[in-house]
Every structure is written in structure tokens, then in C-alpha cells.
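What's in model-v7.csv: CSV, C-alpha atoms and all ligand atoms
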```csv
chain,number,residue,atom,x,y,z
A,13,MET,CA,-34.2,-2.8,1.9
A,14,LYS,CA,-32.7,0.7,1.8
A,15,LYS,CA,-34.5,2.8,-0.7
A,16,LEU,CA,-32.7,4.1,-3.8
A,17,LYS,CA,-32.1,7.8,-3.6
A,18,VAL,CA,-33.1,9.4,-6.9
A,19,SER,CA,-33.0,12.9,-8.3
A,20,VAL,CA,-34.4,14.3,-11.5
A,21,ILE,CA,-32.9,17.2,-13.5
A,22,GLY,CA,-35.2,18.8,-16.0
A,23,SER,CA,-38.2,18.1,-13.7
A,24,THR,CA,-40.5,20.5,-15.4
A,25,GLY,CA,-40.2,19.2,-18.9
A,26,TYR,CA,-42.6,16.6,-20.3
A,27,THR,CA,-40.3,13.6,-19.7
A,28,GLY,CA,-39.2,14.9,-16.3
A,29,LYS,CA,-42.8,15.2,-15.2
A,30,GLU,CA,-43.6,11.6,-16.4
A,31,LEU,CA,-40.5,10.3,-14.6
A,32,ILE,CA,-41.7,11.9,-11.3
A,33,LYS,CA,-45.2,10.4,-11.8
A,34,ILE,CA,-43.8,6.9,-12.1
A,35,LEU,CA,-41.2,7.3,-9.4
A,36,LEU,CA,-43.8,8.6,-7.0
A,37,ASN,CA,-45.4,5.1,-7.2
A,38,HIS,CA,-42.2,3.2,-7.0
A,39,TYR,CA,-41.8,1.7,-3.5
A,40,GLU,CA,-38.1,1.2,-3.7
A,41,VAL,CA,-37.4,4.8,-4.6
A,42,GLU,CA,-37.0,7.9,-2.5
A,43,LEU,CA,-37.3,11.1,-4.5
A,44,ILE,CA,-34.5,13.4,-3.3
A,45,HIS,CA,-33.9,16.5,-5.5
A,46,LEU,CA,-36.2,17.8,-8.3
A,47,VAL,CA,-34.2,20.3,-10.3
A,48,SER,CA,-35.5,23.2,-12.4
A,49,SER,CA,-33.6,26.3,-13.6
A,50,THR,CA,-36.8,28.2,-14.4
A,51,PHE,CA,-39.0,27.3,-11.4
A,52,ALA,CA,-36.4,26.9,-8.6
A,53,GLY,CA,-38.0,27.8,-5.2
A,54,GLU,CA,-41.5,26.9,-6.3
A,55,LYS,CA,-43.2,23.7,-5.3
A,56,LEU,CA,-43.7,21.1,-8.0
A,57,SER,CA,-47.4,21.2,-7.3
A,58,GLU,CA,-47.4,24.9,-8.1
A,59,VAL,CA,-45.9,24.2,-11.5
A,60,PHE,CA,-48.1,21.1,-12.1
A,61,PRO,CA,-51.2,21.3,-9.9
A,62,ASP,CA,-51.9,17.6,-10.7
A,63,PHE,CA,-49.3,16.8,-8.0
A,64,LEU,CA,-51.2,18.7,-5.3
A,65,ASN,CA,-51.3,16.7,-2.0
A,66,GLN,CA,-49.2,14.0,-3.7
A,67,LEU,CA,-45.8,15.7,-3.9
A,68,ASP,CA,-45.4,19.3,-2.7
A,69,LYS,CA,-41.6,19.2,-2.8
A,70,LYS,CA,-39.8,22.4,-3.7
A,71,LEU,CA,-37.8,22.5,-6.9
A,72,ILE,CA,-34.2,23.5,-6.5
A,73,SER,CA,-31.7,25.0,-8.9
A,74,LEU,CA,-28.8,23.0,-10.3
A,75,ASN,CA,-26.1,22.3,-7.7
A,76,PRO,CA,-24.2,19.3,-9.0
A,77,GLU,CA,-22.1,18.7,-5.8
A,78,LEU,CA,-25.2,18.7,-3.6
A,79,ILE,CA,-27.2,16.5,-5.9
A,80,ALA,CA,-24.4,14.0,-6.4
A,81,GLN,CA,-23.7,13.9,-2.6
A,82,ASP,CA,-27.4,13.1,-1.8
A,83,SER,CA,-28.3,10.7,-4.7
A,84,ASP,CA,-27.6,7.1,-5.8
A,85,LEU,CA,-29.0,7.7,-9.2
A,86,ILE,CA,-29.8,10.8,-11.3
A,87,PHE,CA,-32.1,11.2,-14.3
A,88,THR,CA,-31.0,14.0,-16.6
A,89,ALA,CA,-34.1,14.9,-18.7
A,90,LEU,CA,-32.5,17.8,-20.5
A,91,PRO,CA,-32.2,19.0,-24.1
A,92,HIS,CA,-29.4,17.4,-26.1
A,93,THR,CA,-26.0,19.2,-25.9
A,94,VAL,CA,-27.0,20.4,-22.3
A,95,SER,CA,-26.5,17.0,-20.6
A,96,MET,CA,-23.1,16.4,-22.1
A,97,ASP,CA,-21.0,18.4,-19.7
A,98,LEU,CA,-23.1,17.7,-16.6
A,99,VAL,CA,-23.2,13.9,-16.7
A,100,PRO,CA,-19.4,13.4,-16.0
A,101,LYS,CA,-19.7,15.5,-12.9
A,102,PHE,CA,-22.0,12.8,-11.4
A,103,LEU,CA,-20.2,9.8,-12.7
A,104,LYS,CA,-16.9,11.0,-11.3
A,105,ARG,CA,-18.6,11.1,-7.9
A,106,GLY,CA,-19.7,7.5,-8.2
A,107,VAL,CA,-23.4,8.3,-8.9
A,108,LYS,CA,-25.3,6.4,-11.6
A,109,VAL,CA,-26.9,8.4,-14.4
A,110,ILE,CA,-29.7,7.7,-16.9
A,111,ASP,CA,-29.5,10.5,-19.6
A,112,LEU,CA,-32.7,11.0,-21.6
A,113,SER,CA,-31.0,13.2,-24.2
A,114,ALA,CA,-29.1,12.1,-27.3
A,115,ASP,CA,-25.6,13.1,-25.9
A,116,TYR,CA,-24.4,9.7,-25.0
A,117,ARG,CA,-26.3,7.6,-27.6
A,118,LEU,CA,-23.9,7.8,-30.6
A,119,LYS,CA,-20.7,5.8,-30.2
A,120,ASP,CA,-18.8,7.8,-32.9
A,121,PRO,CA,-18.2,11.4,-31.7
A,122,SER,CA,-17.8,12.6,-35.3
A,123,ILE,CA,-21.3,11.4,-36.1
A,124,TYR,CA,-22.6,13.2,-33.0
A,125,ARG,CA,-20.8,16.4,-34.2
A,126,GLU,CA,-22.3,16.1,-37.6
A,127,TRP,CA,-25.9,15.7,-36.4
A,128,TYR,CA,-25.9,17.8,-33.2
A,129,LYS,CA,-23.4,20.5,-34.1
A,130,LYS,CA,-21.4,20.1,-30.9
A,131,GLU,CA,-18.1,18.5,-30.1
A,132,HIS,CA,-17.6,16.0,-27.3
A,133,ASN,CA,-14.7,17.2,-25.2
A,134,HIS,CA,-12.0,14.9,-23.8
A,135,ILE,CA,-13.9,14.3,-20.6
A,136,SER,CA,-17.3,13.5,-22.1
A,137,ARG,CA,-15.6,11.3,-24.8
A,138,GLU,CA,-14.1,9.2,-22.0
A,139,PHE,CA,-17.6,8.5,-20.6
A,140,LEU,CA,-19.1,8.0,-24.0
A,141,SER,CA,-17.3,4.8,-24.4
A,142,GLN,CA,-18.8,3.5,-21.1
A,143,ALA,CA,-22.4,4.4,-22.0
A,144,ILE,CA,-24.8,1.6,-22.7
A,145,TYR,CA,-27.6,2.3,-25.2
A,146,GLY,CA,-30.6,1.8,-22.9
A,147,LEU,CA,-32.8,-0.6,-24.9
A,148,PRO,CA,-33.3,-3.4,-22.3
A,149,GLU,CA,-34.7,-5.9,-24.9
A,150,ILE,CA,-31.2,-5.7,-26.6
A,151,TYR,CA,-28.7,-4.7,-24.0
A,152,GLY,CA,-30.3,-6.0,-20.7
A,153,ARG,CA,-27.2,-7.7,-19.4
A,154,GLN,CA,-24.9,-4.7,-20.1
A,155,ILE,CA,-27.4,-2.3,-18.5
A,156,GLU,CA,-27.2,-4.3,-15.3
A,157,ARG,CA,-23.4,-3.5,-15.0
A,158,THR,CA,-23.2,0.1,-16.3
A,159,SER,CA,-23.2,3.4,-14.4
A,160,LEU,CA,-24.3,5.4,-17.5
A,161,VAL,CA,-27.4,4.6,-19.6
A,162,ALA,CA,-28.0,6.6,-22.8
A,163,ASN,CA,-31.8,6.3,-22.9
A,164,PRO,CA,-32.9,5.9,-26.5
A,165,GLY,CA,-34.9,8.3,-28.6
A,166,CYS,CA,-38.6,7.9,-29.0
A,167,TYR,CA,-38.8,7.3,-32.7
A,168,SER,CA,-35.6,5.1,-32.5
A,169,THR,CA,-37.2,2.9,-29.8
A,170,SER,CA,-40.3,2.2,-32.0
A,171,VAL,CA,-38.2,1.5,-35.1
A,172,ILE,CA,-35.4,-0.5,-33.5
A,173,LEU,CA,-37.7,-2.8,-31.5
A,174,GLY,CA,-39.9,-3.2,-34.6
A,175,LEU,CA,-37.0,-4.2,-36.8
A,176,ALA,CA,-34.5,-5.9,-34.5
A,177,PRO,CA,-35.6,-9.6,-35.1
A,178,LEU,CA,-35.5,-9.1,-38.9
A,179,PHE,CA,-31.9,-7.9,-38.7
A,180,ALA,CA,-30.7,-10.3,-36.0
A,181,TYR,CA,-31.8,-13.2,-38.2
A,182,HIS,CA,-30.8,-11.6,-41.5
A,183,LEU,CA,-34.3,-12.0,-43.0
A,184,VAL,CA,-34.3,-8.8,-44.9
A,185,GLU,CA,-32.1,-6.9,-47.4
A,186,VAL,CA,-30.0,-4.1,-45.9
A,187,LYS,CA,-30.9,-1.7,-48.7
A,188,ASP,CA,-34.1,0.2,-49.5
A,189,ILE,CA,-35.3,0.4,-46.0
A,190,ILE,CA,-38.2,2.9,-45.7
A,191,ILE,CA,-39.5,4.1,-42.4
A,192,ASP,CA,-42.5,6.4,-42.0
A,193,SER,CA,-43.2,7.5,-38.4
A,194,LYS,CA,-46.0,9.6,-36.9
A,195,SER,CA,-45.8,11.2,-33.5
A,196,GLY,CA,-48.0,13.1,-31.1
A,197,ILE,CA,-46.9,16.7,-30.3
A,198,THR,CA,-45.4,16.0,-26.8
A,199,GLY,CA,-42.5,14.4,-28.7
A,200,ALA,CA,-41.2,17.9,-29.3
A,201,GLY,CA,-41.0,18.8,-25.6
A,202,ARG,CA,-42.8,21.5,-23.6
A,203,GLY,CA,-41.0,24.5,-25.2
A,204,ILE,CA,-43.2,26.9,-27.2
A,205,SER,CA,-42.8,27.4,-30.9
A,206,LEU,CA,-45.1,28.5,-33.7
A,207,ASP,CA,-44.9,25.1,-35.5
A,208,LEU,CA,-46.3,23.4,-32.4
A,209,HIS,CA,-49.0,26.0,-31.7
A,210,PHE,CA,-52.5,24.3,-31.4
A,211,PRO,CA,-54.0,25.8,-34.6
A,212,GLU,CA,-50.9,24.8,-36.6
A,213,CYS,CA,-51.2,21.2,-35.5
A,214,ASN,CA,-54.9,20.5,-34.9
A,215,GLU,CA,-56.8,19.0,-37.8
A,216,ASN,CA,-53.5,18.8,-39.6
A,217,MET,CA,-50.7,16.4,-40.4
A,218,LYS,CA,-47.2,17.4,-41.6
A,219,ALA,CA,-43.9,15.9,-42.4
A,220,TYR,CA,-40.9,17.6,-40.9
A,221,LYS,CA,-37.1,17.3,-40.9
A,222,VAL,CA,-37.4,15.1,-44.0
A,223,THR,CA,-34.1,13.3,-44.7
A,224,GLY,CA,-32.5,15.1,-41.7
A,225,HIS,CA,-34.1,14.0,-38.4
A,226,ASN,CA,-31.4,13.4,-35.8
A,227,HIS,CA,-32.7,10.0,-34.8
A,228,ILE,CA,-31.5,8.6,-38.2
A,229,PRO,CA,-27.8,8.0,-37.0
A,230,GLU,CA,-29.1,6.3,-33.8
A,231,ILE,CA,-31.4,3.9,-35.8
A,232,GLU,CA,-28.6,3.1,-38.3
A,233,GLN,CA,-26.0,2.6,-35.5
A,234,GLU,CA,-28.2,0.1,-33.6
A,235,LEU,CA,-29.6,-1.8,-36.6
A,236,SER,CA,-26.1,-2.2,-37.9
A,237,ARG,CA,-24.9,-3.5,-34.6
A,238,ILE,CA,-27.8,-6.0,-34.4
A,239,TYR,CA,-27.2,-7.1,-37.9
A,240,SER,CA,-23.5,-7.7,-37.3
A,241,GLY,CA,-24.1,-9.5,-34.0
A,242,GLY,CA,-22.9,-6.6,-31.8
A,243,ASP,CA,-19.6,-6.0,-33.7
A,244,ASN,CA,-20.0,-3.0,-35.9
A,245,LYS,CA,-16.5,-3.1,-37.4
A,246,ASN,CA,-17.5,-4.4,-40.8
A,247,LYS,CA,-18.3,-1.3,-42.7
A,248,GLU,CA,-20.1,-3.4,-45.4
A,249,ASP,CA,-22.8,-4.0,-42.8
A,250,LYS,CA,-23.5,-0.3,-42.3
A,251,ILE,CA,-27.3,0.0,-42.6
A,252,LYS,CA,-28.8,3.2,-44.0
A,253,VAL,CA,-32.5,4.0,-43.7
A,254,SER,CA,-34.9,6.5,-45.3
A,255,PHE,CA,-36.7,8.0,-42.4
A,256,THR,CA,-39.5,10.5,-42.5
A,257,PRO,CA,-41.2,11.7,-39.3
A,258,HIS,CA,-44.7,13.4,-39.2
A,259,LEU,CA,-46.6,15.3,-36.6
A,260,ILE,CA,-50.1,14.2,-36.0
A,261,PRO,CA,-52.7,16.0,-33.9
A,262,ILE,CA,-52.6,13.9,-30.7
A,263,ASN,CA,-50.8,14.5,-27.5
A,264,ARG,CA,-48.8,11.3,-27.2
A,265,GLY,CA,-48.0,8.2,-29.1
A,266,ILE,CA,-45.8,7.1,-32.0
A,267,LEU,CA,-46.7,4.8,-34.9
A,268,SER,CA,-43.9,3.7,-37.2
A,269,THR,CA,-44.5,1.9,-40.5
A,270,CYS,CA,-41.4,0.2,-41.9
A,271,TYR,CA,-41.1,-1.3,-45.4
A,272,LEU,CA,-38.3,-3.9,-46.0
A,273,ASN,CA,-37.4,-6.3,-48.8
A,274,LEU,CA,-37.5,-10.0,-47.7
A,275,LYS,CA,-34.5,-12.0,-48.7
A,276,ASP,CA,-36.7,-15.0,-49.2
A,277,ARG,CA,-39.9,-13.9,-51.1
A,278,ASN,CA,-41.6,-17.2,-50.2
A,279,MET,CA,-41.4,-16.6,-46.5
A,280,GLU,CA,-44.7,-17.0,-44.7
A,281,GLU,CA,-46.3,-14.8,-42.0
A,282,LYS,CA,-46.3,-17.7,-39.5
A,283,GLU,CA,-42.5,-18.0,-39.8
A,284,ILE,CA,-42.0,-14.3,-39.1
A,285,LEU,CA,-44.4,-14.5,-36.2
A,286,GLU,CA,-42.3,-17.4,-34.7
A,287,VAL,CA,-39.1,-15.4,-35.1
A,288,TYR,CA,-40.6,-12.3,-33.3
A,289,ARG,CA,-42.1,-14.4,-30.5
A,290,GLU,CA,-38.8,-16.2,-29.9
A,291,PHE,CA,-36.7,-12.9,-30.1
A,292,TYR,CA,-39.0,-11.2,-27.5
A,293,GLN,CA,-39.9,-14.2,-25.4
A,294,LYS,CA,-38.3,-12.7,-22.3
A,295,ALA,CA,-39.3,-9.0,-23.0
A,296,PRO,CA,-42.2,-8.1,-20.7
A,297,PHE,CA,-43.0,-4.8,-22.5
A,298,VAL,CA,-43.0,-6.1,-26.1
A,299,ARG,CA,-46.3,-7.5,-27.4
A,300,ILE,CA,-46.4,-9.2,-30.8
A,301,PHE,CA,-49.7,-9.1,-32.8
A,302,GLU,CA,-50.6,-12.1,-35.0
A,303,PRO,CA,-51.7,-11.0,-38.5
A,304,PRO,CA,-54.1,-9.8,-39.6
A,305,SER,CA,-54.4,-8.0,-36.2
A,306,LEU,CA,-52.4,-4.8,-36.0
A,307,PRO,CA,-51.4,-2.5,-33.1
A,308,GLU,CA,-52.8,1.0,-32.7
A,309,ILE,CA,-51.5,4.0,-30.8
A,310,LYS,CA,-54.5,3.9,-28.4
A,311,PHE,CA,-53.5,0.4,-27.2
A,312,VAL,CA,-50.2,1.7,-25.7
A,313,VAL,CA,-50.9,5.3,-24.6
A,314,GLY,CA,-50.3,5.5,-20.8
A,315,THR,CA,-48.3,2.2,-20.9
A,316,ASN,CA,-44.7,1.1,-21.3
A,317,TYR,CA,-45.5,-1.4,-24.0
A,318,CYS,CA,-44.2,-1.5,-27.5
A,319,ASP,CA,-46.7,-3.3,-29.7
A,320,ILE,CA,-45.5,-4.8,-33.0
A,321,GLY,CA,-47.5,-6.2,-35.9
A,322,PHE,CA,-46.8,-7.0,-39.5
A,323,LYS,CA,-48.0,-8.1,-42.9
A,324,ILE,CA,-46.2,-9.7,-45.9
A,325,ASP,CA,-46.9,-8.1,-49.2
A,326,LYS,CA,-46.2,-11.1,-51.5
A,327,ARG,CA,-46.8,-9.1,-54.7
A,328,VAL,CA,-43.8,-6.9,-54.0
A,329,GLY,CA,-41.7,-9.2,-51.8
A,330,LYS,CA,-41.8,-6.8,-48.8
A,331,VAL,CA,-42.6,-7.2,-45.1
A,332,VAL,CA,-44.4,-4.2,-43.6
A,333,ILE,CA,-43.9,-3.7,-39.9
A,334,ILE,CA,-46.1,-1.6,-37.7
A,335,SER,CA,-44.7,-0.6,-34.3
A,336,VAL,CA,-46.4,1.7,-31.7
A,337,ILE,CA,-45.3,3.2,-28.3
A,338,ASP,CA,-46.2,6.0,-26.0
A,339,ASN,CA,-43.3,8.4,-26.7
A,340,LEU,CA,-43.3,9.7,-23.1
A,341,LEU,CA,-43.2,6.2,-21.6
A,342,LYS,CA,-41.6,3.4,-23.6
A,343,GLY,CA,-40.1,6.2,-25.7
A,344,ALA,CA,-38.7,8.1,-22.7
A,345,ALA,CA,-39.6,8.0,-18.9
A,346,GLY,CA,-41.0,4.5,-18.8
A,347,GLN,CA,-38.0,3.0,-20.5
A,348,ALA,CA,-35.7,5.1,-18.2
A,349,VAL,CA,-37.3,3.6,-15.1
A,350,GLN,CA,-37.1,0.1,-16.7
A,351,ASN,CA,-33.4,0.8,-17.1
A,352,MET,CA,-33.1,2.0,-13.5
A,353,ASN,CA,-34.8,-1.2,-12.3
A,354,ILE,CA,-32.3,-3.3,-14.2
A,355,MET,CA,-29.3,-1.3,-13.0
A,356,SER,CA,-30.6,-1.6,-9.4
A,357,ARG,CA,-31.3,-5.4,-9.7
A,358,LEU,CA,-35.0,-4.8,-9.1
A,359,PRO,CA,-37.7,-6.5,-11.1
A,360,GLU,CA,-37.7,-4.9,-14.6
A,361,THR,CA,-41.5,-4.2,-14.5
A,362,TYR,CA,-41.5,-2.5,-11.1
A,363,ALA,CA,-43.9,0.5,-11.0
A,364,LEU,CA,-44.4,0.1,-14.8
A,365,LYS,CA,-47.3,-2.4,-15.0
B,1,LIG,N1,-40.7,14.4,-25.4
B,1,LIG,C1,-40.4,13.2,-25.8
B,1,LIG,O1,-41.3,12.4,-26.2
B,1,LIG,C2,-39.0,12.6,-25.6
B,1,LIG,C3,-38.8,11.2,-25.9
B,1,LIG,C4,-37.5,10.7,-25.8
B,1,LIG,C5,-36.5,11.5,-25.4
B,1,LIG,N2,-36.7,12.8,-25.2
B,1,LIG,C6,-35.5,13.6,-24.8
B,1,LIG,O2,-35.6,13.9,-23.4
B,1,LIG,C7,-35.0,15.2,-23.1
B,1,LIG,C8,-36.1,16.0,-22.4
B,1,LIG,O3,-37.2,16.1,-23.3
B,1,LIG,P1,-38.5,16.8,-22.9
B,1,LIG,O4,-39.5,16.5,-23.9
B,1,LIG,O5,-38.9,16.5,-21.5
B,1,LIG,O6,-38.1,18.3,-23.1
B,1,LIG,P2,-38.8,19.6,-22.5
B,1,LIG,O7,-40.2,19.4,-22.2
B,1,LIG,O8,-38.4,20.7,-23.3
B,1,LIG,O9,-38.0,19.8,-21.0
B,1,LIG,C9,-36.7,19.9,-20.9
B,1,LIG,C10,-36.4,20.7,-19.6
B,1,LIG,O10,-35.0,20.8,-19.4
B,1,LIG,C11,-34.8,22.0,-18.6
B,1,LIG,N3,-33.6,22.7,-19.1
B,1,LIG,C12,-32.4,22.8,-18.4
B,1,LIG,N4,-31.5,23.5,-19.1
B,1,LIG,C13,-32.1,23.8,-20.3
B,1,LIG,C14,-31.6,24.5,-21.4
B,1,LIG,N5,-30.4,25.0,-21.5
B,1,LIG,N6,-32.5,24.7,-22.4
B,1,LIG,C15,-33.8,24.2,-22.3
B,1,LIG,N7,-34.3,23.5,-21.3
B,1,LIG,C16,-33.4,23.3,-20.3
B,1,LIG,C17,-36.1,22.9,-18.7
B,1,LIG,O11,-36.6,22.9,-17.4
B,1,LIG,P3,-36.2,24.1,-16.4
B,1,LIG,O12,-36.2,25.3,-17.2
B,1,LIG,O13,-37.3,24.0,-15.4
B,1,LIG,O14,-34.9,23.7,-15.9
B,1,LIG,C18,-37.0,22.1,-19.6
B,1,LIG,O15,-38.3,22.1,-19.1
B,1,LIG,C19,-34.6,15.7,-24.5
B,1,LIG,O16,-33.2,15.5,-24.7
B,1,LIG,C20,-35.4,15.0,-25.5
B,1,LIG,O17,-34.8,14.9,-26.7
B,1,LIG,C21,-37.9,13.4,-25.3
```
The structure in this file should be written as C-alpha cells.
Ligand SMILES: NC(=O)c1ccc[n+]([C@@H]2O[C@H](COP(=O)([O-])OP(=O)(O)OC[C@H]3O[C@@H](n4cnc5c(N)ncnc54)[C@H](OP(=O)(O)O)[C@@H]3O)[C@@H](O)[C@H]2O)c1
Amino acid sequence: MKKLKVSVIGSTGYTGKELIKILLNHYEVELIHLVSSTFAGEKLSEVFPDFLNQLDKKLISLNPELIAQDSDLIFTALPHTVSMDLVPKFLKRGVKVIDLSADYRLKDPSIYREWYKKEHNHISREFLSQAIYGLPEIYGRQIERTSLVANPGCYSTSVILGLAPLFAYHLVEVKDIIIDSKSGITGAGRGISLDLHFPECNENMKAYKVTGHNHIPEIEQELSRIYSGGDNKNKEDKIKVSFTPHLIPINRGILSTCYLNLKDRNMEEKEILEVYREFYQKAPFVRIFEPPSLPEIKFVVGTNYCDIGFKIDKRVGKVVIISVIDNLLKGAAGQAVQNMNIMSRLPETYALK
């Protein structure tokens, strides 16, 4: 079989580097162009010595025409608002794109503008309607047929996968949803800032962007769609969440704890377990824990798994869901390669297990 020609833009960021690490071990992929604006002309192994003797390829500067001409599929691992104008240039030339930023995740451009302070222009708007939210456990079939995948956010992945069965089967109330997430520091990318400086984070834990984190609209969009069976026209169904992210002093990993009111306060844990097992029976990267056993971040770091566990708190009529992922893998590069496999009709787990 002819190998898939793949290029990565944003190669020297945290997610770009993880992508290259996975793709290097993917036998159906040929890495074509690795793009960096800062390190163009240098070898990848000069920027990241861990690639020495594995991949000494030179990084190139951004040249959309050349990259499109040589590639079948392009990963854009760029900051949000940067991908937006670039992605259509590739799609117009018939090249598939998996965008790791938030630019094509939100279906309503006015919500994007509100949270990201940038307007979609008429060109990116046109492609926005074609983008499929890249959560294979929910949108597998549509991902197979699309040319543009909007790879989900890291917090969003842990939360949506953790809660999808409850909303799909209408087991919980749609109000008073509380989500408390903790992330390792790589979640903020490789850029330098005082808040992310080692002494500021080490031996510390802090909440940030309280009530205002930009994964909120994405979580609400997707939970609302799942709740309404894919049709989000009924505004009554619009789900709102209280979401608070925290930074914890580890490099990678996310743990989300979600509190929801059960509609039926007599529901038993074994019934919930059955629902989750059925919902994810064909999902190779979702593992369901049987109570009282609960997932931990260290179970998933370095893997593409999302581990989900739960407990019912009968006293208060709530179900508490715990969901963990590696933010750089199931929360970013691993999920992006899973999407690439699906788009290319390769086994979903290729190079990821
Ligand atoms: N980190 C995570 O856990 C995570 C998880 C899910 C999704 N994401 C999303 O994935 C995307 C990449 O994230 P990341 O963590 O890899 O970020 P990052 O470490 O900051 O890397 C982004 C890279 O993009 C390149 N770049 C090109 N144009 C840029 C510009 N105008 N401003 C800044 N950088 C520019 C930079 O490389 P050059 O200078 O070499 O070109 C930079 O290294 C983001 O949209 C992020 O939200 C991240």
C-alpha cells in the first residue's frame, strides 16, 4: 500500500512533538514536511535531541503551496486564531487537515468570537460547517468521510467522554452540573510565562480562568448535541456547566471530577456500569472502571486511553464521575492520529497501542 504523506505544522510545540513521535512509529505514514517558524533550517534533532539518529529531518518555514502539493494530510498544531486562515488553503487544494486548535470546534461563529475574540471570515466560515468534531467515540462515522477534523480540547475530551453516556440516555438533570478538572503543566503549551515557571507551579496547586475557561462552550456544545440526539436545535436542551480548571505540579495528565444530579435517585451503580459498558463497547481507547475502583492519572500517562470511573452518592442523589487522560495523547496528538487512522480507513488503534 502507498504510504500516507503527512506534514506537521507547529512541529516544535508540545503537541507537534508528540505527533511526530507517534507518526515516526506509524508504518503507513511517510513524514514529509515538519514546519517551524522559529527553527526553520535547523534539524528536528537539534531542537529536540531525543530524536537524534531517529529523525534528523530539517524543519522548514511555512510555505502552504509546497506543503499542500507534497502532502495527503496535514496536522496543524498551532495556537488558536492562527490555524483559522491557514486551514482553508490546504482544503481548497484537496488536502485533508486535522486541526488541533480550537478554530474549527465551535459550530456557531458568534460563540467563537465571544470566547476567542476573533471573527471567522467568509472563507473560514464556509469550512467551519464542514468540520467534524474529532471525538471518534461519538463521531466515528462522520470522521471517516470528512476532510477537516477539529481535534477536541484536552479538558473537553476528558469531560465529554466522562459524561456522554449519562446525557445520551438522559439519566441526569441538565442543571447544576459541576466540573472540577486538574491538569499537568504541558496543557498550557511550550511558551514561557511567569505563571508556568517551575517555582510558581512546583509544590503548588491553583485554580485559573475560573468561570471563563474557553473549553466551556465546546463542552456545552457537545453535551447539548449528545443530549438532543445530535440535533441541537431545541434551545431548551442547551446544557450549561460550571467548569473550574486547576494546574497541578505534574508534566502531563488531566483528572476531571464531575458532579451531576441523578433523575432517578434510586439508580444503582451496576445500572450505570452497564450503560457505560454498552455505550463504549466499540471504543478501543475508553476503559470503564467498576466501583469502588477508580482511575488515576498515572494509569493513562503515555497512553491514548481515557479511563472513566464513578460512584453514586445516595445521600445527595448525585453521581460523581472521574475521567482521566494524558492531555498530550488522548487530549491532543494521540486522538489526532486516531482521527487520521479513521479518515484513512486504517485500523483505529494503529501506532497507538
Ligand atoms: N498542550 C496540550 O495539552 C494541548 C491539548 C489539546 C490541544 N492543544 C492545542 O493544540 C495547539 C498546539 O498546542 P501546543 O501545546 O503544542 O502549543 P505550543 O507548545 O505553544 O506550540 C505551538 C507551536 O506553534 C508554532 N506557532 C506558529 N505560529 C505561531 C504563533 N503565531 N504564535 C505562537 N506559536 C506559533 C510555534 O512553533 P514555531 O515557532 O516553531 O513555529 C509553537 O511552538 C493549540 O491550539 C492548543 O490549544 C494543546
Find the residues near region 257-259 of chain A: any atom within 8 Å, counting all atoms listed in the file, skip ones fewer than 5 places away on the same chain, and give them as a count of residues only.
14
For Tyr39 (chain A), work out the shell of residues within 9 Å, counting all atoms listed in the file and skipping chain neighbours fewer than 5 positions away, then give it as number ranges by chain.
A: 15, 362-363
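The shortest atom-to-atom distance to ligand LIG 1 (chain B), with all atoms listed in the file taken into account, belongs to A:Ser73 out of A:Ser205, A:Ser73, A:Ser159, A:Gln293.
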For ligand LIG 1 (chain B), collect every residue having any atom at a distance of at most 7 Å from a ligand atom (counting all atoms listed in the file); output as a ChimeraX atom specification.
/A:22-28,47-51,89-92,94,112-114,164-166,198-203,339-340,343-344
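Counting all atoms listed in the file and comparing A:Leu31, A:Ile190, A:Leu74, A:Val298, the residue that lies closest to Thr223 (chain A) is A:Ile190.
In this comparison, which uses all atoms listed in the file, the residue of A:Glu58, A:Ile110, A:Ile150, A:Met96 approaching Glu131 (chain A) most closely is A:Met96.
The space between CA of Arg117 (chain A) and CA of Thr88 (chain A) spans 13.6 Å.
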Just to confirm, what's the straight-line distance from CA of Leu56 (chain A) to CA of Thr361 (chain A) in Å (one decimal)?
26.2 Å
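Of the listed residues A:Ile191, A:Val99, A:Val186, A:Ile262, the one whose atoms come nearest to Glu215 (chain A) is A:Ile262, with distances taken using all atoms listed in the file.
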